[in-house]
Amino acid sequence: MLVDEGEYIVDEVMRHWVTRVVPSLVVIAGILCCAAMPWLGSGWWVGLLLGLGLGGYGFYRLHLEFMDRFVITNMRVFRVDGIVDQHMATMPIARILDISVRQTFLGQLLGYGHFVFESAAQDQGLKRINYVPDIERRDLTIQRVIQRAGLRARMKPIEEDEDGA
C-alpha cells in the first residue's frame, strides 16, 4: 500500500464460498478413508495413506482459497494469492478502460460473478477475477472510485427549452 501517497482500501473481497465446496468434500473423503481403516484389515495402511493424502490436499486447497484476495483502493485494483509464493497483480484505476461482468445461471442463483478488466496495456497482469461475491455491488464500488478520481467525464443534464423542445 502506498500510504504515504494517500492510498487507502475501499473494499477487500475474498472469493465466494462456492470455491471452498470441493476442497471441503476432499477433506471429508480423507476423513472417511481414515475412518475406514479398521475394516480394511491388513491393508489399513492404504486407508491411512489415502486419507492423509486427500486430507492434506483438501486443506491445502482450502487455505489457498482463503489466501486469494481482490482489493480495491482509491488508486488501483489488485489481487493477491498464494501461500508459500505470493503473487500480486495490480492495475492502476487510471488504466481501466472497460469492466465486463459475467454471471452464469448458477452465479446468479448463488450470488457471484466474474470480472474481466480491459486496459490500455496489451499484456496485463490483472485480467480476470473469478468468483467475486455480490458482483453488482463490487462493480458499482469500482465505478465510484473511478468517478471520484475524476477519470471519467460527467455529462451535464440536458436542459429543455422554454417551449418544451
# chains A, B, ... in the order shown; residues from 1 in each chain; ligands from 1
>>> select_by_dssp(residues="stretch 34-102 of chain A", states="strand (DSSP E or B)", output="ChimeraX atom specification")
/A:69-73,76-81,87-92,96-102
>>> select_by_dssp(residues="chain A", states="alpha helix (DSSP H)", output="PyMOL selection string")
chain A and resi 21-35+44-66+105-110+135-148
>>> residues_around(residues="A:Arg102", least_positions_apart="3", cutoff="9 Å", atoms="only C-alpha atoms", output="VMD selection string")
chain A and resid 107 113 to 116
>>> write_last_selection(atoms="N, CA, C and O atoms", output="short mmCIF file (atom, residue, chain, number, x, y, z; two decimals), in the first residue's frame")
data_model
loop_
_atom_site.label_atom_id
_atom_site.label_comp_id
_atom_site.auth_asym_id
_atom_site.auth_seq_id
_atom_site.Cartn_x
_atom_site.Cartn_y
_atom_site.Cartn_z
N GLY A 107 -24.19 -18.65 -10.93
CA GLY A 107 -23.69 -17.46 -10.27
C GLY A 107 -24.80 -16.51 -9.87
O GLY A 107 -24.75 -15.88 -8.82
N GLY A 113 -20.05 -13.64 -9.44
CA GLY A 113 -19.82 -13.38 -10.85
C GLY A 113 -18.33 -13.26 -11.11
O GLY A 113 -17.50 -13.47 -10.21
N HIS A 114 -17.98 -12.92 -12.34
CA HIS A 114 -16.59 -12.83 -12.76
C HIS A 114 -16.34 -11.47 -13.41
O HIS A 114 -17.13 -11.02 -14.23
N PHE A 115 -15.23 -10.82 -13.03
CA PHE A 115 -14.81 -9.57 -13.65
C PHE A 115 -13.83 -9.86 -14.78
O PHE A 115 -12.97 -10.73 -14.66
N VAL A 116 -13.92 -9.09 -15.85
CA VAL A 116 -12.91 -9.08 -16.91
C VAL A 116 -12.52 -7.62 -17.10
O VAL A 116 -13.36 -6.80 -17.47
#
>>> residues_around(residues="stretch 142-150 of chain A", least_positions_apart="6", cutoff="8 Å", atoms="only C-alpha atoms", output="PDB file with all heavy atoms, in the first residue's frame")
ATOM      1  N   ILE A  72      -9.723  -3.372  -3.718  1.00  0.00           N
ATOM      2  CA  ILE A  72      -9.992  -2.140  -4.435  1.00  0.00           C
ATOM      3  C   ILE A  72      -9.524  -0.996  -3.549  1.00  0.00           C
ATOM      4  O   ILE A  72      -9.969  -0.892  -2.403  1.00  0.00           O
ATOM      5  CB  ILE A  72     -11.495  -1.981  -4.733  1.00  0.00           C
ATOM      6  CG1 ILE A  72     -12.034  -3.190  -5.486  1.00  0.00           C
ATOM      7  CG2 ILE A  72     -11.762  -0.678  -5.483  1.00  0.00           C
ATOM      8  CD1 ILE A  72     -13.542  -3.282  -5.498  1.00  0.00           C
ATOM      9  N   THR A  73      -8.610  -0.173  -4.049  1.00  0.00           N
ATOM     10  CA  THR A  73      -8.178   1.014  -3.312  1.00  0.00           C
ATOM     11  C   THR A  73      -8.612   2.243  -4.103  1.00  0.00           C
ATOM     12  O   THR A  73      -9.160   2.127  -5.189  1.00  0.00           O
ATOM     13  CB  THR A  73      -6.653   1.051  -3.085  1.00  0.00           C
ATOM     14  OG1 THR A  73      -6.004   1.376  -4.307  1.00  0.00           O
ATOM     15  CG2 THR A  73      -6.136  -0.272  -2.540  1.00  0.00           C
ATOM     16  N   ASN A  74      -8.328   3.404  -3.551  1.00  0.00           N
ATOM     17  CA  ASN A  74      -8.678   4.628  -4.262  1.00  0.00           C
ATOM     18  C   ASN A  74      -7.746   4.890  -5.449  1.00  0.00           C
ATOM     19  O   ASN A  74      -8.020   5.770  -6.255  1.00  0.00           O
ATOM     20  CB  ASN A  74      -8.661   5.820  -3.315  1.00  0.00           C
ATOM     21  CG  ASN A  74      -7.307   6.046  -2.683  1.00  0.00           C
ATOM     22  OD1 ASN A  74      -6.576   5.110  -2.392  1.00  0.00           O
ATOM     23  ND2 ASN A  74      -6.970   7.302  -2.467  1.00  0.00           N
ATOM     24  N   ILE A  93      -6.163   2.450 -11.352  1.00  0.00           N
ATOM     25  CA  ILE A  93      -7.524   2.828 -11.715  1.00  0.00           C
ATOM     26  C   ILE A  93      -7.536   3.594 -13.042  1.00  0.00           C
ATOM     27  O   ILE A  93      -8.427   3.420 -13.867  1.00  0.00           O
ATOM     28  CB  ILE A  93      -8.151   3.681 -10.581  1.00  0.00           C
ATOM     29  CG1 ILE A  93      -8.433   2.820  -9.348  1.00  0.00           C
ATOM     30  CG2 ILE A  93      -9.413   4.387 -11.031  1.00  0.00           C
ATOM     31  CD1 ILE A  93      -9.560   1.843  -9.489  1.00  0.00           C
ATOM     32  N   ALA A  94      -6.529   4.424 -13.250  1.00  0.00           N
ATOM     33  CA  ALA A  94      -6.484   5.251 -14.461  1.00  0.00           C
ATOM     34  C   ALA A  94      -6.343   4.421 -15.736  1.00  0.00           C
ATOM     35  O   ALA A  94      -6.685   4.892 -16.815  1.00  0.00           O
ATOM     36  CB  ALA A  94      -5.326   6.241 -14.365  1.00  0.00           C
TER      37      ALA A  94
END
>>> residues_around(residues="A:Arg137", least_positions_apart="3", cutoff="12 Å", atoms="only C-alpha atoms", output="PyMOL selection string")
chain A and resi 11+13+101+111-113+132-134+140-144
>>> closest_residue(among="A:Val22, A:Ile31, A:Leu126, A:Ala36", to="A:Arg76", atoms="only C-alpha atoms")
A:Leu126
>>> residues_around(residues="A:Tyr57", least_positions_apart="4", cutoff="10 Å", atoms="only C-alpha atoms", output="PDB file with C-alpha atoms, in the first residue's frame")
ATOM      1  CA  PRO A  23     -11.863 -28.830  -1.187  1.00  0.00           C
ATOM      2  CA  VAL A  26     -11.968 -33.768  -0.429  1.00  0.00           C
ATOM      3  CA  VAL A  27     -11.180 -33.278   3.287  1.00  0.00           C
ATOM      4  CA  GLY A  30      -9.891 -38.123   3.566  1.00  0.00           C
ATOM      5  CA  GLY A  51      -6.846 -40.398   3.982  1.00  0.00           C
ATOM      6  CA  LEU A  52      -3.749 -38.344   4.819  1.00  0.00           C
ATOM      7  CA  GLY A  53      -3.144 -37.551   1.159  1.00  0.00           C
ATOM      8  CA  ARG A  61      -6.757 -26.101  -1.413  1.00  0.00           C
ATOM      9  CA  LEU A  62      -8.929 -24.582   1.332  1.00  0.00           C
ATOM     10  CA  HIS A  63      -6.030 -22.482   2.588  1.00  0.00           C
TER      11      HIS A  63
END
>>> residues_around(residues="A:Met37", least_positions_apart="5", cutoff="9 Å", atoms="only C-alpha atoms", output="list in words")
Leu32, Gly43, Trp44, Trp45, Val46, Gly47 and Leu48 of chain A
>>> write_last_selection(atoms="N, CA, C and O atoms", output="PDB file, in the first residue's frame")
ATOM      1  N   LEU A  32     -13.086 -39.929   5.867  1.00  0.00           N
ATOM      2  CA  LEU A  32     -13.781 -41.209   5.708  1.00  0.00           C
ATOM      3  C   LEU A  32     -12.806 -42.350   5.407  1.00  0.00           C
ATOM      4  O   LEU A  32     -12.994 -43.476   5.881  1.00  0.00           O
ATOM      5  N   GLY A  43      -4.715 -54.214   5.109  1.00  0.00           N
ATOM      6  CA  GLY A  43      -4.488 -53.097   4.191  1.00  0.00           C
ATOM      7  C   GLY A  43      -4.843 -51.755   4.809  1.00  0.00           C
ATOM      8  O   GLY A  43      -5.109 -50.793   4.103  1.00  0.00           O
ATOM      9  N   TRP A  44      -4.825 -51.687   6.149  1.00  0.00           N
ATOM     10  CA  TRP A  44      -5.186 -50.448   6.848  1.00  0.00           C
ATOM     11  C   TRP A  44      -4.320 -49.269   6.420  1.00  0.00           C
ATOM     12  O   TRP A  44      -4.756 -48.137   6.397  1.00  0.00           O
ATOM     13  N   TRP A  45      -3.075 -49.598   6.064  1.00  0.00           N
ATOM     14  CA  TRP A  45      -2.146 -48.531   5.703  1.00  0.00           C
ATOM     15  C   TRP A  45      -2.557 -47.823   4.413  1.00  0.00           C
ATOM     16  O   TRP A  45      -2.251 -46.652   4.223  1.00  0.00           O
ATOM     17  N   VAL A  46      -3.299 -48.529   3.528  1.00  0.00           N
ATOM     18  CA  VAL A  46      -3.801 -47.894   2.308  1.00  0.00           C
ATOM     19  C   VAL A  46      -4.818 -46.811   2.677  1.00  0.00           C
ATOM     20  O   VAL A  46      -4.781 -45.692   2.144  1.00  0.00           O
ATOM     21  N   GLY A  47      -5.708 -47.137   3.599  1.00  0.00           N
ATOM     22  CA  GLY A  47      -6.689 -46.151   4.068  1.00  0.00           C
ATOM     23  C   GLY A  47      -6.017 -44.963   4.738  1.00  0.00           C
ATOM     24  O   GLY A  47      -6.434 -43.819   4.549  1.00  0.00           O
ATOM     25  N   LEU A  48      -4.957 -45.254   5.521  1.00  0.00           N
ATOM     26  CA  LEU A  48      -4.228 -44.179   6.195  1.00  0.00           C
ATOM     27  C   LEU A  48      -3.551 -43.257   5.186  1.00  0.00           C
ATOM     28  O   LEU A  48      -3.695 -42.032   5.254  1.00  0.00           O
TER      29      LEU A  48
END
>>> closest_residue(among="A:Val10, A:Ile96, A:Leu64, A:Val18", to="A:Val84", atoms="only C-alpha atoms")
A:Leu64
